[in-house]
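To keep things clear, I will list the structure first and then write my remarks on it.
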Amino acid sequence: MSLGYWNSGDTSYTQASILSGISFSDLLRSLVKQRALEWEVTRKKLEAIGKDEAYIKTMGGVNEENLQVYYKELAEKTELEEHRIDIDTSNLPITKQYKTTEQDYKSFYQYLAVWHCLAIAIHADMLFLGNSWENTPLLPSLIPYLLEKYKNHFLLTPQFWQEAISEIVTTYGQFYDSLKSDASSCLPEIRMKLALSLANLPNEYKYLALKQCDQAVTDWLVANNVPSDKIFDLDDDDDCQTLKGIFYQEDKPFLDSIKQLLVIVNEAENIDLTNLKRINSLLEGWKLLSRFGTIPALPQVKVEVKSIITKSVMTAFERMEEKVLMQEKKFGKSLEDQFAELEAGCEDVDAELEALRCQLPRL
């Protein structure tokens, strides 16, 4: 299945393939087998209450037929293995006897629909993130809905979702990593938006949100020229001085988002917040310095920037004035007189063009 998409700034689309290594016929056959095995459970219950074979076959219908084909396929594979015949048994002739129902096709289409949703959503997120870093990935908030809707789907298994969600988060992470050279100072807050979006996932996936939070802290420390593995000791004067040198009031939204995430992921059973020594030391340091009111705001640089811009503009005008004076000196006339002559010459040209136009035959 092919996928075409544009990234922000692209002049042509990029084409990629998904599900390229998967046989659709194998997927349909697996659906048929799963439904047959599901019927097998019901079949045994009917046998337990004394129902005869005729009754069971009637009630089972196509599922009963496929179950018998499944038994024959297993018997044939076992026979080949016992005689040590080394051949591919994944596509034996007996498998052609499986019957596909409308329900099987419906389940298959649902599987494809989920793939389409995931592929389109992640590339849409990439596009909008490329347009503005203020945008938040929306796909993670869609995944819980898909998980709930298809929780009993034969193809959309927990293993499928584990692999799909991990791959999606990896793709997001690679995209954010690509911003390090252009937006290192903004990257921590941008990545925390991803972390909070991933916090919408069920508890068993919340560790992925915490992982992005941990990376955001790494980005923040690196942007402030602090070792990425630094754990601050608040009883150490040097560490406290370091925190005083890197903390500003403008960091509060970033640190608040970390605290918000920790509250959310604390619900997950597989996360122990006491092991987050690096993050906790950063939050405790902020709390301590805030208590003493020693966290300053970033220095205002707008006035300096304005004066620099004004000076540059004035310099440009002075250079332009010099060039005008040199031009007038070269021709012995002012620029106004030179433009007047050009305009008069244009009138003569217009007259000649009008005369030529009159000489042309009418169409």
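Residues in the structure tokens are numbered from 1 in each chain, the chains being A, B, ... in the order shown, and ligands are numbered from 1 in the order shown.
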message: I'd like the contact shell of Lys259 (chain A) - 10 Å cut-off, only C-alpha atoms, skipping same-chain residues fewer than 6 positions apart - returned as a VMD selection string.
response: chain A and resid 253 279 to 280 283
- request: Please identify which residues in region 40-233 of chain A DSSP calls helix (DSSP H, G or I) from the backbone, and express them as a PyMOL selection string.
  value: chain A and resi 40-48+53-60+62-82+93-97+102-131+139-149+158-177+187-198+203-223
field: Two-atom distance - CA of Ala36 (chain A), CA of Asn63 (chain A) (Å)
entry: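 Going from CA of Ala36 (chain A) over to CA of Asn63 (chain A) covers 4.9 Å.
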Closest contacts (region 103-196 of chain A/region 200-210 of chain A, max 8 Å, only C-alpha atoms) as CSV:
residue,atom,partner,partner_atom,distance
A:Pro140,CA,A:Asn200,CA,6.5
A:Ser141,CA,A:Asn200,CA,5.6
A:Ile143,CA,A:Leu201,CA,7.0
A:Pro144,CA,A:Leu201,CA,5.9
A:Ser166,CA,A:Leu208,CA,7.9
A:Val169,CA,A:Leu208,CA,7.5
A:Leu194,CA,A:Ala209,CA,7.6
A:Ala195,CA,A:Ala209,CA,4.5
A:Leu196,CA,A:Ala209,CA,6.7
Would you write out those residues with all heavy atoms, as an mmCIF file, in the first residue's frame?
data_model
loop_
_atom_site.group_PDB
_atom_site.id
_atom_site.type_symbol
_atom_site.label_atom_id
_atom_site.label_comp_id
_atom_site.auth_asym_id
_atom_site.auth_seq_id
_atom_site.Cartn_x
_atom_site.Cartn_y
_atom_site.Cartn_z
ATOM 1 N N PRO A 140 -1.757 10.895 19.485
ATOM 2 C CA PRO A 140 -1.828 10.169 20.765
ATOM 3 C C PRO A 140 -3.185 10.250 21.444
ATOM 4 O O PRO A 140 -3.572 9.322 22.154
ATOM 5 C CB PRO A 140 -0.743 10.855 21.612
ATOM 6 C CG PRO A 140 0.251 11.343 20.611
ATOM 7 C CD PRO A 140 -0.578 11.793 19.436
ATOM 8 N N SER A 141 -3.929 11.338 21.225
ATOM 9 C CA SER A 141 -5.257 11.459 21.832
ATOM 10 C C SER A 141 -6.299 10.631 21.080
ATOM 11 O O SER A 141 -7.376 10.356 21.605
ATOM 12 C CB SER A 141 -5.695 12.928 21.876
ATOM 13 O OG SER A 141 -5.784 13.464 20.568
ATOM 14 N N ILE A 143 -5.505 7.509 19.744
ATOM 15 C CA ILE A 143 -5.194 6.095 19.950
ATOM 16 C C ILE A 143 -6.066 5.432 21.016
ATOM 17 O O ILE A 143 -6.531 4.297 20.817
ATOM 18 C CB ILE A 143 -3.689 5.922 20.262
ATOM 19 C CG1 ILE A 143 -2.882 6.224 18.999
ATOM 20 C CG2 ILE A 143 -3.388 4.517 20.767
ATOM 21 C CD1 ILE A 143 -1.387 6.176 19.188
ATOM 22 N N PRO A 144 -6.334 6.070 22.181
ATOM 23 C CA PRO A 144 -7.213 5.413 23.167
ATOM 24 C C PRO A 144 -8.585 5.056 22.600
ATOM 25 O O PRO A 144 -9.138 4.005 22.936
ATOM 26 C CB PRO A 144 -7.332 6.459 24.281
ATOM 27 C CG PRO A 144 -6.075 7.242 24.181
ATOM 28 C CD PRO A 144 -5.770 7.324 22.721
ATOM 29 N N SER A 166 4.964 2.230 19.803
ATOM 30 C CA SER A 166 6.401 2.450 19.985
ATOM 31 C C SER A 166 7.019 3.070 18.733
ATOM 32 O O SER A 166 7.850 3.979 18.820
ATOM 33 C CB SER A 166 7.105 1.124 20.309
ATOM 34 O OG SER A 166 6.655 0.614 21.544
ATOM 35 N N VAL A 169 5.919 6.806 18.464
ATOM 36 C CA VAL A 169 6.665 7.656 19.394
ATOM 37 C C VAL A 169 8.106 7.841 18.910
ATOM 38 O O VAL A 169 8.678 8.939 19.015
ATOM 39 C CB VAL A 169 6.635 7.064 20.808
ATOM 40 C CG1 VAL A 169 7.519 7.874 21.747
ATOM 41 C CG2 VAL A 169 5.209 7.031 21.331
ATOM 42 N N LEU A 194 4.647 17.105 23.480
ATOM 43 C CA LEU A 194 4.520 15.718 23.017
ATOM 44 C C LEU A 194 4.321 14.791 24.203
ATOM 45 O O LEU A 194 3.466 13.894 24.171
ATOM 46 C CB LEU A 194 5.766 15.318 22.226
ATOM 47 C CG LEU A 194 5.878 13.832 21.869
ATOM 48 C CD1 LEU A 194 4.716 13.406 20.980
ATOM 49 C CD2 LEU A 194 7.219 13.544 21.192
ATOM 50 N N ALA A 195 5.092 14.986 25.264
ATOM 51 C CA ALA A 195 4.981 14.122 26.448
ATOM 52 C C ALA A 195 3.582 14.183 27.044
ATOM 53 O O ALA A 195 2.988 13.153 27.391
ATOM 54 C CB ALA A 195 6.021 14.536 27.486
ATOM 55 N N LEU A 196 3.025 15.390 27.154
ATOM 56 C CA LEU A 196 1.675 15.535 27.713
ATOM 57 C C LEU A 196 0.628 14.927 26.784
ATOM 58 O O LEU A 196 -0.390 14.402 27.244
ATOM 59 C CB LEU A 196 1.366 17.014 27.947
ATOM 60 C CG LEU A 196 2.104 17.654 29.135
ATOM 61 C CD1 LEU A 196 1.902 19.158 29.143
ATOM 62 C CD2 LEU A 196 1.631 17.047 30.446
#
field: Pick from A:Ile49, A:Leu37, A:Leu155, A:Val222, whichever lies nearest to Lys180 (chain A) using only C-alpha atoms
entry: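 Among A:Ile49, A:Leu37, A:Leu155, A:Val222, it is A:Val222 that comes nearest to Lys180 (chain A).
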Using only C-alpha atoms, tabulate the residues of region 146-256 of chain A lying at most 8 Å from any atom of region 102-114 of chain A, each with its closest atom pair and that distance in Å to one decimal, by chain and increasing residue number, as a tab-separated table.
residue	atom	partner	partner_atom	distance
A:Leu146	CA	A:Val114	CA	7.7
A:His153	CA	A:Ser107	CA	7.4
A:Phe154	CA	A:Ser107	CA	7.9
A:Leu155	CA	A:Tyr111	CA	6.8
A:Leu156	CA	A:Tyr111	CA	6.9
query: Restricting the calculation to only C-alpha atoms, which member of A:Gln68, A:Thr218, A:Ser23, A:Thr170 is positioned closest to Ser185 (chain A)?
result: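 Answer, going by the shortest atom-to-atom distance: A:Thr218.
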message: Using Å and a single decimal, report how far CA of Gly285 (chain A) sits from CA of Leu298 (chain A).
response: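 Value for the CA of Leu298 (chain A)-CA of Gly285 (chain A) distance: 18.1 Å.
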- prompt: Quick one: residues within 10 Å of Gln249 (chain A), only C-alpha atoms counted, chain neighbours fewer than 6 positions away excluded, as a list of chain:residue names?
  reply: A:Trp286, A:Ser290, A:Thr294, A:Ile295, A:Pro296, A:Ala297, A:Leu298
message: List as an MDAnalysis selection string the protein and nucleic acid residues near Val69 (chain A), meaning an atom at most 12 Å away when only C-alpha atoms are counted, but skip any in the same chain fewer than 6 places from it.
response: chainID A and resid 29 32:33 36:37 62:63 75:76 92:99
Please save C-alpha atoms of the selected residues as a PDB file, in the first residue's frame.
ATOM      1  CA  ARG A  29      -6.639 -16.747   6.378  1.00  0.00           C
ATOM      2  CA  VAL A  32     -10.693 -17.377   9.264  1.00  0.00           C
ATOM      3  CA  LYS A  33      -8.622 -19.542  11.612  1.00  0.00           C
ATOM      4  CA  ALA A  36     -12.843 -21.134  13.697  1.00  0.00           C
ATOM      5  CA  LEU A  37     -10.919 -21.471  16.972  1.00  0.00           C
ATOM      6  CA  VAL A  62     -18.926 -22.037   7.900  1.00  0.00           C
ATOM      7  CA  ASN A  63     -16.975 -21.806  11.148  1.00  0.00           C
ATOM      8  CA  ALA A  75      -2.472 -33.180  10.915  1.00  0.00           C
ATOM      9  CA  GLU A  76      -0.695 -32.725   7.570  1.00  0.00           C
ATOM     10  CA  LEU A  92      -0.273 -26.202   1.909  1.00  0.00           C
ATOM     11  CA  PRO A  93      -2.938 -27.139  -0.685  1.00  0.00           C
ATOM     12  CA  ILE A  94      -5.382 -27.857   2.136  1.00  0.00           C
ATOM     13  CA  THR A  95      -5.398 -24.140   3.062  1.00  0.00           C
ATOM     14  CA  LYS A  96      -7.300 -23.367  -0.158  1.00  0.00           C
ATOM     15  CA  GLN A  97     -10.320 -25.095   1.356  1.00  0.00           C
ATOM     16  CA  TYR A  98     -10.835 -22.326   3.934  1.00  0.00           C
ATOM     17  CA  LYS A  99     -13.989 -20.315   3.316  1.00  0.00           C
TER      18      LYS A  99
END
- request: Within 10 Å of region 273-277 of chain A, counting only C-alpha atoms, which residues show up once you throw out same-chain ones fewer than 6 positions away? Write them as a PyMOL selection string, please.
  value: chain A and resi 210+214+230-232+262-263+265-266+283
For the residues in that selection, give me N, CA and C atoms as a CSV table (one decimal), in the first residue's frame.
chain,number,residue,atom,x,y,z
A,210,LEU,N,6.7,9.5,29.9
A,210,LEU,CA,7.8,9.8,30.8
A,210,LEU,C,9.1,9.8,30.2
A,214,ASP,N,11.7,12.9,30.1
A,214,ASP,CA,13.1,12.7,30.5
A,214,ASP,C,14.1,13.3,29.5
A,230,LYS,N,23.2,15.4,35.0
A,230,LYS,CA,23.4,16.1,36.3
A,230,LYS,C,22.3,15.9,37.2
A,231,ILE,N,22.6,15.5,38.5
A,231,ILE,CA,21.6,15.4,39.6
A,231,ILE,C,22.1,16.4,40.6
A,232,PHE,N,21.2,17.4,40.8
A,232,PHE,CA,21.6,18.5,41.7
A,232,PHE,C,21.4,18.1,43.2
A,262,LEU,N,4.0,14.3,35.7
A,262,LEU,CA,4.3,13.4,36.8
A,262,LEU,C,3.0,13.0,37.6
A,263,VAL,N,2.1,13.9,37.7
A,263,VAL,CA,0.8,13.6,38.4
A,263,VAL,C,0.0,12.6,37.5
A,265,VAL,N,1.2,10.4,35.1
A,265,VAL,CA,1.8,9.1,34.9
A,265,VAL,C,1.9,8.4,36.2
A,266,ASN,N,1.7,9.1,37.3
A,266,ASN,CA,1.7,8.4,38.6
A,266,ASN,C,0.7,7.3,38.8
A,283,LEU,N,13.2,19.9,40.1
A,283,LEU,CA,12.0,20.5,40.6
A,283,LEU,C,12.2,21.0,42.1
